[in-house]
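Asker: Here you go, structure.txt (compact mmCIF, C-alpha atoms):
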```txt
# COMPACT_ATOMS: atom_id res chain seq x y z
CA MET A 7 41.10 16.56 20.71
CA GLU A 8 39.35 19.75 19.63
CA ASN A 9 36.29 17.76 18.57
CA LEU A 10 35.90 16.11 21.95
CA PRO A 11 34.31 19.09 23.77
CA LEU A 12 31.88 19.48 20.89
CA ALA A 13 30.90 15.80 21.13
CA ASN A 14 30.32 16.15 24.87
CA VAL A 15 28.24 19.26 24.28
CA MET A 16 26.16 17.46 21.68
CA THR A 17 25.62 14.46 23.96
CA LYS A 18 24.55 16.67 26.85
CA GLY A 19 22.31 18.66 24.55
CA LEU A 20 20.68 15.52 23.19
CA ALA A 21 20.00 14.20 26.69
CA ILE A 22 18.50 17.51 27.83
CA ALA A 23 16.43 17.88 24.68
CA SER A 24 15.07 14.34 24.98
CA SER A 25 14.17 14.85 28.64
CA THR A 26 12.47 18.15 27.87
CA LEU A 27 10.51 16.63 25.02
CA MET A 28 9.37 13.63 27.10
CA ALA A 29 8.39 15.89 30.00
CA GLY A 30 6.32 17.98 27.60
CA VAL A 31 4.57 14.95 26.15
CA ILE A 32 3.77 13.57 29.61
CA PHE A 33 2.49 16.97 30.75
CA LEU A 34 0.19 17.29 27.75
CA GLU A 35 -1.14 13.75 28.13
CA LEU A 36 -1.82 14.19 31.84
CA ASN A 37 -3.59 17.48 31.30
CA GLY A 38 -5.81 16.23 28.54
CA VAL A 39 -4.77 18.83 26.01
CA PRO A 40 -3.65 17.76 22.57
CA SER A 41 -3.48 14.01 22.95
CA PHE A 42 -1.14 11.92 20.84
CA GLY A 43 -3.23 8.80 21.34
CA PHE A 44 -6.91 7.99 21.05
CA TRP A 45 -9.17 10.67 22.42
CA LYS A 46 -10.68 10.02 25.81
CA ARG A 47 -13.49 7.54 25.44
CA THR A 48 -15.84 5.77 27.70
CA GLY A 49 -16.31 2.08 27.24
CA GLU A 50 -19.47 0.16 26.59
CA PRO A 51 -21.64 -0.73 29.58
CA CYS A 52 -21.88 -4.32 30.77
CA GLN A 53 -25.04 -6.18 29.84
CA GLU A 54 -24.57 -9.00 32.34
CA MET A 55 -22.25 -9.20 35.34
CA VAL A 56 -20.43 -12.53 35.71
CA GLN A 57 -17.57 -12.33 38.21
CA ALA A 58 -16.93 -9.00 39.89
CA LYS A 59 -13.49 -10.00 41.24
CA THR A 60 -11.95 -10.91 37.90
CA LEU A 61 -8.59 -9.28 37.14
CA ILE A 62 -6.26 -10.29 34.34
CA SER A 63 -2.51 -10.31 34.89
CA LYS A 64 0.17 -9.65 32.30
CA GLN A 65 1.02 -13.35 32.35
CA GLN A 66 -2.55 -14.32 31.53
CA LEU A 67 -2.63 -11.77 28.73
CA ALA A 68 0.65 -13.12 27.35
CA GLN A 69 -0.83 -16.63 27.40
CA LEU A 70 -3.91 -15.44 25.52
CA LEU A 71 -1.69 -13.97 22.80
CA THR A 72 -0.30 -17.43 22.08
CA LEU A 73 -3.74 -18.87 21.31
CA PRO A 74 -4.77 -18.88 17.65
CA VAL A 75 -8.09 -17.75 16.23
CA GLY A 76 -10.49 -20.69 16.43
CA THR A 77 -9.33 -21.90 19.84
CA PRO A 78 -12.28 -23.45 21.76
CA GLN A 79 -13.87 -21.17 24.30
CA ALA A 80 -13.12 -23.69 27.05
CA LYS A 81 -9.40 -23.16 26.53
CA ILE A 82 -9.87 -19.39 26.76
CA ARG A 83 -11.67 -19.95 30.06
CA GLU A 84 -8.74 -22.04 31.31
CA VAL A 85 -6.41 -19.11 30.71
CA LEU A 86 -8.60 -16.18 31.71
CA ASN A 87 -11.15 -17.79 34.05
CA GLN A 88 -14.58 -16.18 34.26
CA PRO A 89 -15.08 -12.73 32.68
CA TYR A 90 -15.98 -9.68 34.67
CA CYS A 91 -19.06 -9.16 32.51
CA LYS A 92 -20.61 -9.69 29.11
CA LEU A 93 -21.11 -6.83 26.67
CA ALA A 94 -24.03 -6.70 24.27
CA ASN A 95 -23.95 -9.41 21.62
CA LEU A 96 -23.44 -8.25 18.06
CA GLN A 97 -24.64 -9.58 14.73
CA ILE A 98 -21.73 -8.67 12.46
CA ARG A 99 -21.66 -11.45 9.90
CA THR A 100 -24.59 -13.56 8.85
CA GLY A 101 -25.05 -16.84 10.63
CA ALA A 102 -22.96 -15.99 13.71
CA THR A 103 -23.51 -14.13 16.95
CA ALA A 104 -20.47 -12.26 18.25
CA VAL A 105 -20.23 -12.73 22.02
CA ARG A 106 -18.03 -10.22 23.81
CA GLU A 107 -16.67 -10.65 27.31
CA ALA A 108 -14.77 -8.02 29.29
CA TYR A 109 -11.85 -8.64 31.67
CA PRO A 110 -10.35 -5.80 33.76
CA LEU A 111 -6.56 -5.64 33.86
CA ASP A 112 -4.67 -5.68 37.14
CA PHE A 113 -1.94 -3.49 35.64
CA ASP A 114 -4.14 -0.90 33.89
CA SER A 115 -7.32 0.32 35.55
CA GLN A 116 -8.26 2.59 32.63
CA ASN A 117 -8.66 -0.20 30.09
CA TRP A 118 -9.97 -3.71 29.89
CA LEU A 119 -9.59 -6.73 27.67
CA ILE A 120 -12.47 -7.51 25.35
CA VAL A 121 -12.55 -11.04 23.96
CA LEU A 122 -14.83 -11.84 21.05
CA SER A 123 -15.98 -15.36 20.29
CA GLU A 124 -18.37 -16.83 17.77
CA GLY A 125 -19.92 -20.27 17.91
CA ASP A 126 -17.87 -21.18 20.99
CA GLN A 127 -14.62 -20.33 19.22
CA TYR A 128 -12.19 -17.54 20.02
CA ALA A 129 -12.11 -14.88 17.30
CA GLY A 130 -9.93 -12.08 18.68
CA TYR A 131 -9.28 -9.53 21.39
CA ARG A 132 -8.75 -5.81 21.90
CA ILE A 133 -7.58 -3.69 24.80
CA SER A 134 -10.30 -1.07 25.09
CA PRO A 135 -11.11 1.87 27.39
CA ARG A 136 -13.40 0.88 30.26
CA MET B 17 34.10 13.93 12.65
CA PRO B 18 30.69 15.04 13.84
CA VAL B 19 27.73 13.88 11.78
CA ILE B 20 26.35 17.36 11.45
CA GLY B 21 28.84 18.16 8.67
CA SER B 22 31.93 20.05 7.76
CA VAL B 23 30.40 23.50 7.98
CA HIS B 24 29.93 23.14 11.72
CA VAL B 25 33.35 21.55 12.15
CA ASN B 26 35.03 24.39 10.31
CA ARG B 27 33.31 26.92 12.52
CA SER B 28 34.19 25.06 15.69
CA GLY B 29 37.90 25.77 15.31
CA PRO B 30 38.03 29.52 15.89
CA VAL B 31 35.04 29.47 18.19
CA SER B 32 36.56 26.89 20.50
CA ARG B 33 39.76 28.88 20.79
CA ASN B 34 38.24 32.30 21.44
CA ALA B 35 34.80 31.58 22.90
CA PRO B 36 34.16 27.93 23.82
CA ILE B 37 30.81 26.53 22.70
CA THR B 38 28.44 26.21 25.62
CA TRP B 39 25.94 23.40 26.06
CA GLN B 40 23.19 25.90 25.37
CA VAL B 41 24.46 26.29 21.81
CA GLY B 42 24.49 22.52 21.35
CA LEU B 43 20.98 22.27 22.72
CA THR B 44 19.76 25.00 20.39
CA VAL B 45 21.27 23.26 17.36
CA LEU B 46 19.70 19.95 18.40
CA LEU B 47 16.29 21.48 18.94
CA LEU B 48 16.46 23.12 15.53
CA LEU B 49 17.43 19.78 13.97
CA MET B 50 14.64 18.00 15.88
CA GLY B 51 12.19 20.60 14.63
CA GLY B 52 12.73 19.21 11.16
CA CYS B 53 11.55 15.80 12.39
CA ILE B 54 8.13 17.03 13.53
CA PRO B 55 5.51 15.71 11.09
CA THR B 56 3.91 18.36 8.96
CA ALA B 57 1.06 17.96 6.52
CA GLN B 58 2.30 14.70 5.04
CA PRO B 59 -0.41 12.17 4.20
CA PRO B 60 -0.82 9.43 6.81
CA PRO B 61 0.61 6.00 6.02
CA THR B 62 -1.78 3.59 4.36
CA LEU B 63 -2.71 0.12 5.55
CA ASN B 64 -1.71 -2.94 3.59
CA LEU B 65 -4.20 -5.62 4.60
CA LYS B 66 -3.56 -9.15 3.46
CA LEU B 67 -6.82 -10.67 2.35
CA TYR B 68 -7.59 -14.34 2.86
CA GLN B 69 -9.24 -14.58 -0.54
CA GLN B 70 -6.79 -14.40 -3.40
CA TRP B 71 -9.20 -12.92 -5.92
CA GLU B 72 -7.64 -11.40 -8.99
CA LEU B 73 -9.81 -8.29 -9.13
CA GLN B 74 -9.84 -5.84 -6.27
CA PRO B 75 -11.42 -2.39 -5.84
CA GLY B 76 -9.17 0.23 -7.39
CA ASP B 77 -7.76 -2.03 -10.12
CA GLN B 78 -7.69 -0.62 -13.63
CA ILE B 79 -9.08 -2.60 -16.57
CA SER B 80 -8.94 -1.02 -20.02
CA GLY B 81 -8.67 2.40 -18.46
CA ARG B 82 -11.68 1.82 -16.21
CA THR B 83 -11.55 1.61 -12.44
CA ILE B 84 -12.94 -1.45 -10.68
CA LEU B 85 -15.16 -0.06 -7.93
CA GLY B 86 -15.92 -3.30 -6.10
CA GLY B 87 -15.10 -6.97 -6.21
CA LEU B 88 -16.49 -10.21 -4.86
CA GLY B 89 -17.67 -9.72 -1.32
CA ASP B 90 -18.36 -6.01 -1.61
CA ILE B 91 -21.93 -4.88 -0.95
CA SER B 92 -22.81 -2.06 -3.35
CA VAL B 93 -24.99 0.64 -1.84
CA ASP B 94 -26.54 3.55 -3.75
CA LEU B 95 -25.70 6.48 -1.47
CA ASN B 96 -26.73 9.11 -4.00
CA GLY B 97 -24.37 11.61 -2.37
CA GLY B 98 -25.48 10.74 1.14
CA PRO B 99 -23.31 10.08 4.18
CA VAL B 100 -22.15 6.95 5.95
CA PHE B 101 -21.55 6.83 9.69
CA ALA B 102 -19.19 5.17 12.14
CA PRO B 103 -20.99 2.00 13.31
CA PHE B 104 -19.07 2.06 16.63
CA ASP B 105 -16.55 4.28 18.38
CA GLY B 106 -13.43 3.70 16.32
CA LYS B 107 -10.87 4.89 13.87
CA THR B 108 -10.67 5.35 10.10
CA GLU B 109 -7.55 4.89 8.00
CA LEU B 110 -6.88 4.51 4.28
CA ASP B 111 -5.65 1.32 2.67
CA GLN B 112 -3.35 1.24 -0.31
CA ARG B 113 -6.33 1.34 -2.68
CA ARG B 114 -7.60 4.53 -1.03
CA CYS B 115 -10.54 2.74 0.58
CA VAL B 116 -11.44 3.59 4.18
CA ILE B 117 -10.70 0.94 6.80
CA PHE B 118 -12.80 1.32 9.93
CA SER B 119 -11.65 -0.41 13.13
CA SER B 120 -13.06 -0.36 16.63
CA LEU B 121 -11.58 -1.33 19.97
CA GLN B 122 -15.07 -2.45 20.94
CA VAL B 123 -15.22 -5.01 18.15
CA PRO B 124 -12.24 -7.36 18.12
CA ALA B 125 -11.54 -9.53 15.08
CA TYR B 126 -13.39 -7.36 12.58
CA LEU B 127 -12.62 -4.51 10.21
CA PHE B 128 -14.92 -2.73 7.79
CA ARG B 129 -13.77 -1.55 4.36
CA LEU B 130 -15.61 1.32 2.69
CA CYS B 131 -14.69 2.17 -0.89
CA GLY B 132 -16.12 4.99 -2.98
CA LEU B 133 -16.22 7.77 -0.41
CA SER B 134 -15.08 11.25 -1.38
CA SER B 135 -12.91 13.17 1.10
CA PRO B 136 -13.46 10.72 3.95
CA ARG B 137 -12.78 11.81 7.51
CA LEU B 138 -9.75 10.01 8.89
CA GLY B 139 -8.83 9.43 12.52
CA ASP B 140 -10.85 8.87 15.67
CA LEU B 141 -14.61 8.88 15.39
CA ARG B 142 -17.47 8.34 17.78
CA GLN B 143 -20.35 6.08 16.87
CA GLY B 144 -22.74 7.90 14.55
CA GLU B 145 -20.25 10.49 13.32
CA ALA B 146 -20.09 10.84 9.56
CA ILE B 147 -17.18 9.12 7.83
CA GLY B 148 -17.87 10.66 4.44
CA THR B 149 -20.24 10.82 1.51
CA GLY B 150 -20.35 9.23 -1.90
CA GLN B 151 -22.44 8.14 -4.84
CA ILE B 152 -21.91 4.38 -4.60
CA LEU B 153 -20.48 2.73 -1.48
CA GLN B 154 -18.69 -0.60 -1.72
CA PHE B 155 -18.89 -2.10 1.77
CA ALA B 156 -16.93 -5.14 2.90
CA THR B 157 -16.73 -6.83 6.29
CA LEU B 158 -13.37 -8.39 7.09
CA ARG B 159 -12.82 -11.04 9.74
CA GLN B 160 -9.43 -11.92 11.20
CA GLN B 161 -8.11 -15.39 10.35
CA SER B 162 -5.72 -17.63 12.26
CA ASN B 163 -2.96 -17.05 9.69
CA GLY B 164 -3.13 -13.27 10.12
CA THR B 165 -5.08 -12.58 6.93
CA TRP B 166 -8.49 -10.96 6.73
CA ALA B 167 -11.39 -12.83 5.14
CA ILE B 168 -14.26 -11.03 3.47
CA VAL B 169 -17.48 -12.26 5.06
CA GLU B 170 -21.14 -11.47 4.49
CA PRO B 171 -22.26 -8.60 6.75
CA THR B 172 -25.59 -8.64 8.51
CA LYS B 173 -28.27 -6.11 7.73
CA SER B 174 -27.86 -4.65 11.22
CA ILE B 175 -24.22 -3.71 10.58
CA LEU B 176 -25.19 -2.05 7.32
CA GLU B 177 -27.99 -0.20 9.11
CA ARG B 178 -25.53 1.09 11.73
CA THR B 179 -23.33 2.37 8.91
CA LEU B 180 -26.04 3.94 6.79
CA LYS B 181 -28.21 5.47 9.48
CA GLN B 182 -27.28 7.72 12.37
CA PRO B 183 -28.39 6.22 15.72
```
Translate this structure into structure tokens?

Answerer:
Amino acid sequence: MENLPLANVMTKGLAIASSTLMAGVIFLELNGVPSFGFWKRTGEPCQEMVQAKTLISKQQLAQLLTLPVGTPQAKIREVLNQPYCKLANLQIRTGATAVREAYPLDFDSQNWLIVLSEGDQYAGYRISPR
Amino acid sequence: MPVIGSVHVNRSGPVSRNAPITWQVGLTVLLLLMGGCIPTAQPPPTLNLKLYQQWELQPGDQISGRTILGGLGDISVDLNGGPVFAPFDGKTELDQRRCVIFSSLQVPAYLFRLCGLSSPRLGDLRQGEAIGTGQILQFATLRQQSNGTWAIVEPTKSILERTLKQP
């Protein structure tokens, strides 16, 4: 019985400490001082606009994640529809041009989805700052 | 019995009878304990990339007391003490062989491995910022495969130029 008050005190303390810590982290992130994530970056500019109204939902993103590397580009189009824009092509490995298309997210206006394909085949994606 | 140990339990007896512990005391103890969880100067965790190619020799291996600097697929570059630069905005980390792995959110499906750098800069980098210097750079381009491994592929000259020359 004597340990019970101590347990309650510890539980309350843990809850308060956690809340304080989270509030501090959120404050620092919102104010741009020491960031615990990537530093603030600006994304690459579009090279060619395709479809200005494109927005990707969480469901579409989840569908994309199920597609393996090497999936035909047509299948990617079925899932994501037309991209918002195309970024500059890259020559990363010999014999292939890396085509990158950008899709804004309807649940995150700060970032967008970049899909890279080579030779009409899906190669991978990243969520990147816009 | 509380997890914090018998010392605290032993003290709680007389304290709880004469001056009950307040929640402020509990909070203070917890904050002190949490302080021990804040990372200090420990080295960052290293990456363990699974390569598609199952070659026996890899950079960092030891043969007869000598270190293998590069293997198949590595492009050897004579840096002569000069720097290499981030080819894109991105991030550098170390792999388990102490080579630098450069990744970029702007370039899905690819990683770049740089072995042979001394005191490389780790963390977030902007395009053109120096990653480090070295005598001989072993540069490999890795492409993501459908089974989750990374295949070493032949890099283009333009990627090497972006790495060796500041824009």

Asker: To one decimal place, how far is CA of Gln66 (chain A) from CA of Val85 (chain A) in Å?

Answerer: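 For CA of Gln66 (chain A) relative to CA of Val85 (chain A), the distance reads 6.2 Å.
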
Asker: What box, with edges along x, y and z, holds each listed atom of region 123-141 of chain B when 4 Å is added on every side, and can you state its centre and edge lengths in Å to one decimal, as JSON?

Answerer:
```
{"center_x": -12.5, "center_y": 1.8, "center_z": 7.6, "size_x": 15.4, "size_y": 30.7, "size_z": 29.1}
```

Asker: If we count all atoms listed in the file, what is near region 155-165 of chain B at a cut-off of 10 Å, once residues fewer than 3 positions away on the same chain are taken out, given as a PyMOL selection string?

Answerer: (chain A and resi 73-77+98-99+129-130) or (chain B and resi 65-69+86-93+115-118+124-132+152+168-172+175-176+179)

Asker: Find the distance between CA of Ser134 (chain A) and CA of Gly101 (chain A) and write it in Å to one decimal.

Answerer: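 Going from CA of Ser134 (chain A) over to CA of Gly101 (chain A), I get 26.0 Å.
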
Asker: Nearest to Pro135 (chain A) among B:Thr108, B:Ser120, B:Thr149, B:Gln143, with distances taken over only C-alpha atoms: which residue is it?

Answerer: B:Ser120

Asker: Determine the nearest neighbour of Thr60 (chain A) from the options A:Pro78, A:Leu119, A:Val105, A:Ala94, counting all atoms listed in the file.

Answerer: A:Leu119

Asker: Using all atoms listed in the file, find the one residue out of A:Glu124, A:Glu84, A:Asp114, A:Glu54 that sits nearest to Arg136 (chain A).

Answerer: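 The closest residue to Arg136 (chain A) is A:Asp114.
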
Asker: Would you mind listing what lies within 7 Å of Thr62 (chain B) as number ranges by chain, with all atoms listed in the file counted and same-chain residues fewer than 5 positions away left out?

Answerer: B: 109-112

Asker: Could you list as a VMD selection string every residue that has an atom within 12 Å of (-2.2, -6.9, 29.2), using the file's coordinates and counting all atoms listed in the file?

Answerer: chain A and resid 61 to 71 86 109 to 120 131 to 134

Asker: Could you rebuild region 68-79 of chain B with all heavy atoms and give me the result as a PDB file, keeping the file's coordinate frame?

Answerer:
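This went into result01.pdb:
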```pdb
ATOM      1  N   TYR B  68      -7.592 -12.874   2.878  1.00  0.00           N
ATOM      2  CA  TYR B  68      -7.590 -14.340   2.860  1.00  0.00           C
ATOM      3  C   TYR B  68      -7.900 -14.831   1.449  1.00  0.00           C
ATOM      4  O   TYR B  68      -7.271 -15.758   0.952  1.00  0.00           O
ATOM      5  CB  TYR B  68      -8.636 -14.837   3.862  1.00  0.00           C
ATOM      6  CG  TYR B  68      -8.824 -16.322   3.886  1.00  0.00           C
ATOM      7  CD1 TYR B  68      -7.900 -17.145   4.521  1.00  0.00           C
ATOM      8  CD2 TYR B  68      -9.934 -16.914   3.274  1.00  0.00           C
ATOM      9  CE1 TYR B  68      -8.083 -18.520   4.547  1.00  0.00           C
ATOM     10  CE2 TYR B  68     -10.119 -18.278   3.305  1.00  0.00           C
ATOM     11  CZ  TYR B  68      -9.189 -19.074   3.938  1.00  0.00           C
ATOM     12  OH  TYR B  68      -9.368 -20.430   3.958  1.00  0.00           O
ATOM     13  N   GLN B  69      -8.865 -14.177   0.813  1.00  0.00           N
ATOM     14  CA  GLN B  69      -9.240 -14.580  -0.540  1.00  0.00           C
ATOM     15  C   GLN B  69      -8.269 -13.983  -1.553  1.00  0.00           C
ATOM     16  O   GLN B  69      -8.010 -12.792  -1.527  1.00  0.00           O
ATOM     17  CB  GLN B  69     -10.663 -14.112  -0.876  1.00  0.00           C
ATOM     18  CG  GLN B  69     -11.740 -14.804  -0.056  1.00  0.00           C
ATOM     19  CD  GLN B  69     -12.166 -14.007   1.169  1.00  0.00           C
ATOM     20  OE1 GLN B  69     -11.431 -13.134   1.637  1.00  0.00           O
ATOM     21  NE2 GLN B  69     -13.341 -14.299   1.692  1.00  0.00           N
ATOM     22  N   GLN B  70      -7.767 -14.834  -2.398  1.00  0.00           N
ATOM     23  CA  GLN B  70      -6.790 -14.400  -3.400  1.00  0.00           C
ATOM     24  C   GLN B  70      -7.485 -14.092  -4.723  1.00  0.00           C
ATOM     25  O   GLN B  70      -7.118 -14.620  -5.767  1.00  0.00           O
ATOM     26  CB  GLN B  70      -5.723 -15.486  -3.598  1.00  0.00           C
ATOM     27  CG  GLN B  70      -4.944 -15.820  -2.343  1.00  0.00           C
ATOM     28  CD  GLN B  70      -4.014 -14.686  -1.915  1.00  0.00           C
ATOM     29  OE1 GLN B  70      -3.324 -14.093  -2.733  1.00  0.00           O
ATOM     30  NE2 GLN B  70      -4.017 -14.368  -0.639  1.00  0.00           N
ATOM     31  N   TRP B  71      -8.492 -13.245  -4.690  1.00  0.00           N
ATOM     32  CA  TRP B  71      -9.200 -12.920  -5.920  1.00  0.00           C
ATOM     33  C   TRP B  71      -8.367 -11.985  -6.772  1.00  0.00           C
ATOM     34  O   TRP B  71      -7.663 -11.108  -6.257  1.00  0.00           O
ATOM     35  CB  TRP B  71     -10.555 -12.284  -5.595  1.00  0.00           C
ATOM     36  CG  TRP B  71     -11.507 -13.258  -4.965  1.00  0.00           C
ATOM     37  CD1 TRP B  71     -11.664 -14.571  -5.284  1.00  0.00           C
ATOM     38  CD2 TRP B  71     -12.426 -12.998  -3.913  1.00  0.00           C
ATOM     39  NE1 TRP B  71     -12.625 -15.143  -4.501  1.00  0.00           N
ATOM     40  CE2 TRP B  71     -13.117 -14.203  -3.646  1.00  0.00           C
ATOM     41  CE3 TRP B  71     -12.755 -11.876  -3.162  1.00  0.00           C
ATOM     42  CZ2 TRP B  71     -14.096 -14.308  -2.677  1.00  0.00           C
ATOM     43  CZ3 TRP B  71     -13.733 -11.980  -2.196  1.00  0.00           C
ATOM     44  CH2 TRP B  71     -14.400 -13.188  -1.957  1.00  0.00           C
ATOM     45  N   GLU B  72      -8.492 -12.170  -8.078  1.00  0.00           N
ATOM     46  CA  GLU B  72      -7.640 -11.400  -8.990  1.00  0.00           C
ATOM     47  C   GLU B  72      -8.039  -9.929  -9.023  1.00  0.00           C
ATOM     48  O   GLU B  72      -7.193  -9.039  -9.032  1.00  0.00           O
ATOM     49  CB  GLU B  72      -7.709 -11.993 -10.397  1.00  0.00           C
ATOM     50  CG  GLU B  72      -6.728 -11.351 -11.350  1.00  0.00           C
ATOM     51  CD  GLU B  72      -6.681 -12.070 -12.694  1.00  0.00           C
ATOM     52  OE1 GLU B  72      -6.890 -13.290 -12.712  1.00  0.00           O
ATOM     53  OE2 GLU B  72      -6.437 -11.397 -13.695  1.00  0.00           O
ATOM     54  N   LEU B  73      -9.344  -9.673  -9.022  1.00  0.00           N
ATOM     55  CA  LEU B  73      -9.810  -8.290  -9.130  1.00  0.00           C
ATOM     56  C   LEU B  73     -10.113  -7.712  -7.754  1.00  0.00           C
ATOM     57  O   LEU B  73     -10.779  -8.341  -6.943  1.00  0.00           O
ATOM     58  CB  LEU B  73     -11.067  -8.215 -10.000  1.00  0.00           C
ATOM     59  CG  LEU B  73     -10.826  -8.324 -11.504  1.00  0.00           C
ATOM     60  CD1 LEU B  73     -12.155  -8.267 -12.242  1.00  0.00           C
ATOM     61  CD2 LEU B  73      -9.916  -7.208 -11.989  1.00  0.00           C
ATOM     62  N   GLN B  74      -9.613  -6.525  -7.540  1.00  0.00           N
ATOM     63  CA  GLN B  74      -9.840  -5.840  -6.270  1.00  0.00           C
ATOM     64  C   GLN B  74     -10.292  -4.408  -6.573  1.00  0.00           C
ATOM     65  O   GLN B  74      -9.976  -3.866  -7.632  1.00  0.00           O
ATOM     66  CB  GLN B  74      -8.541  -5.785  -5.448  1.00  0.00           C
ATOM     67  CG  GLN B  74      -7.980  -7.134  -5.052  1.00  0.00           C
ATOM     68  CD  GLN B  74      -8.809  -7.841  -3.997  1.00  0.00           C
ATOM     69  OE1 GLN B  74      -9.542  -7.200  -3.237  1.00  0.00           O
ATOM     70  NE2 GLN B  74      -8.734  -9.165  -3.959  1.00  0.00           N
ATOM     71  N   PRO B  75     -11.044  -3.798  -5.647  1.00  0.00           N
ATOM     72  CA  PRO B  75     -11.420  -2.390  -5.840  1.00  0.00           C
ATOM     73  C   PRO B  75     -10.181  -1.531  -6.095  1.00  0.00           C
ATOM     74  O   PRO B  75      -9.163  -1.702  -5.423  1.00  0.00           O
ATOM     75  CB  PRO B  75     -12.091  -2.016  -4.517  1.00  0.00           C
ATOM     76  CG  PRO B  75     -12.549  -3.296  -3.941  1.00  0.00           C
ATOM     77  CD  PRO B  75     -11.560  -4.333  -4.371  1.00  0.00           C
ATOM     78  N   GLY B  76     -10.294  -0.652  -7.081  1.00  0.00           N
ATOM     79  CA  GLY B  76      -9.170   0.230  -7.390  1.00  0.00           C
ATOM     80  C   GLY B  76      -8.337  -0.258  -8.562  1.00  0.00           C
ATOM     81  O   GLY B  76      -7.558   0.517  -9.125  1.00  0.00           O
ATOM     82  N   ASP B  77      -8.496  -1.530  -8.959  1.00  0.00           N
ATOM     83  CA  ASP B  77      -7.760  -2.030 -10.120  1.00  0.00           C
ATOM     84  C   ASP B  77      -8.232  -1.315 -11.378  1.00  0.00           C
ATOM     85  O   ASP B  77      -9.372  -0.842 -11.460  1.00  0.00           O
ATOM     86  CB  ASP B  77      -7.976  -3.544 -10.275  1.00  0.00           C
ATOM     87  CG  ASP B  77      -7.203  -4.348  -9.232  1.00  0.00           C
ATOM     88  OD1 ASP B  77      -6.360  -3.744  -8.538  1.00  0.00           O
ATOM     89  OD2 ASP B  77      -7.452  -5.552  -9.106  1.00  0.00           O
ATOM     90  N   GLN B  78      -7.354  -1.258 -12.361  1.00  0.00           N
ATOM     91  CA  GLN B  78      -7.690  -0.620 -13.630  1.00  0.00           C
ATOM     92  C   GLN B  78      -7.795  -1.703 -14.706  1.00  0.00           C
ATOM     93  O   GLN B  78      -6.883  -2.515 -14.868  1.00  0.00           O
ATOM     94  CB  GLN B  78      -6.597   0.382 -14.023  1.00  0.00           C
ATOM     95  CG  GLN B  78      -6.452   1.569 -13.070  1.00  0.00           C
ATOM     96  CD  GLN B  78      -7.558   2.600 -13.227  1.00  0.00           C
ATOM     97  OE1 GLN B  78      -7.995   2.872 -14.340  1.00  0.00           O
ATOM     98  NE2 GLN B  78      -8.012   3.157 -12.114  1.00  0.00           N
ATOM     99  N   ILE B  79      -8.897  -1.689 -15.437  1.00  0.00           N
ATOM    100  CA  ILE B  79      -9.080  -2.600 -16.570  1.00  0.00           C
ATOM    101  C   ILE B  79      -9.471  -1.753 -17.771  1.00  0.00           C
ATOM    102  O   ILE B  79     -10.494  -1.068 -17.732  1.00  0.00           O
ATOM    103  CB  ILE B  79     -10.186  -3.661 -16.309  1.00  0.00           C
ATOM    104  CG1 ILE B  79      -9.857  -4.491 -15.080  1.00  0.00           C
ATOM    105  CG2 ILE B  79     -10.377  -4.547 -17.542  1.00  0.00           C
ATOM    106  CD1 ILE B  79      -8.697  -5.447 -15.244  1.00  0.00           C
TER     107      ILE B  79
END
```
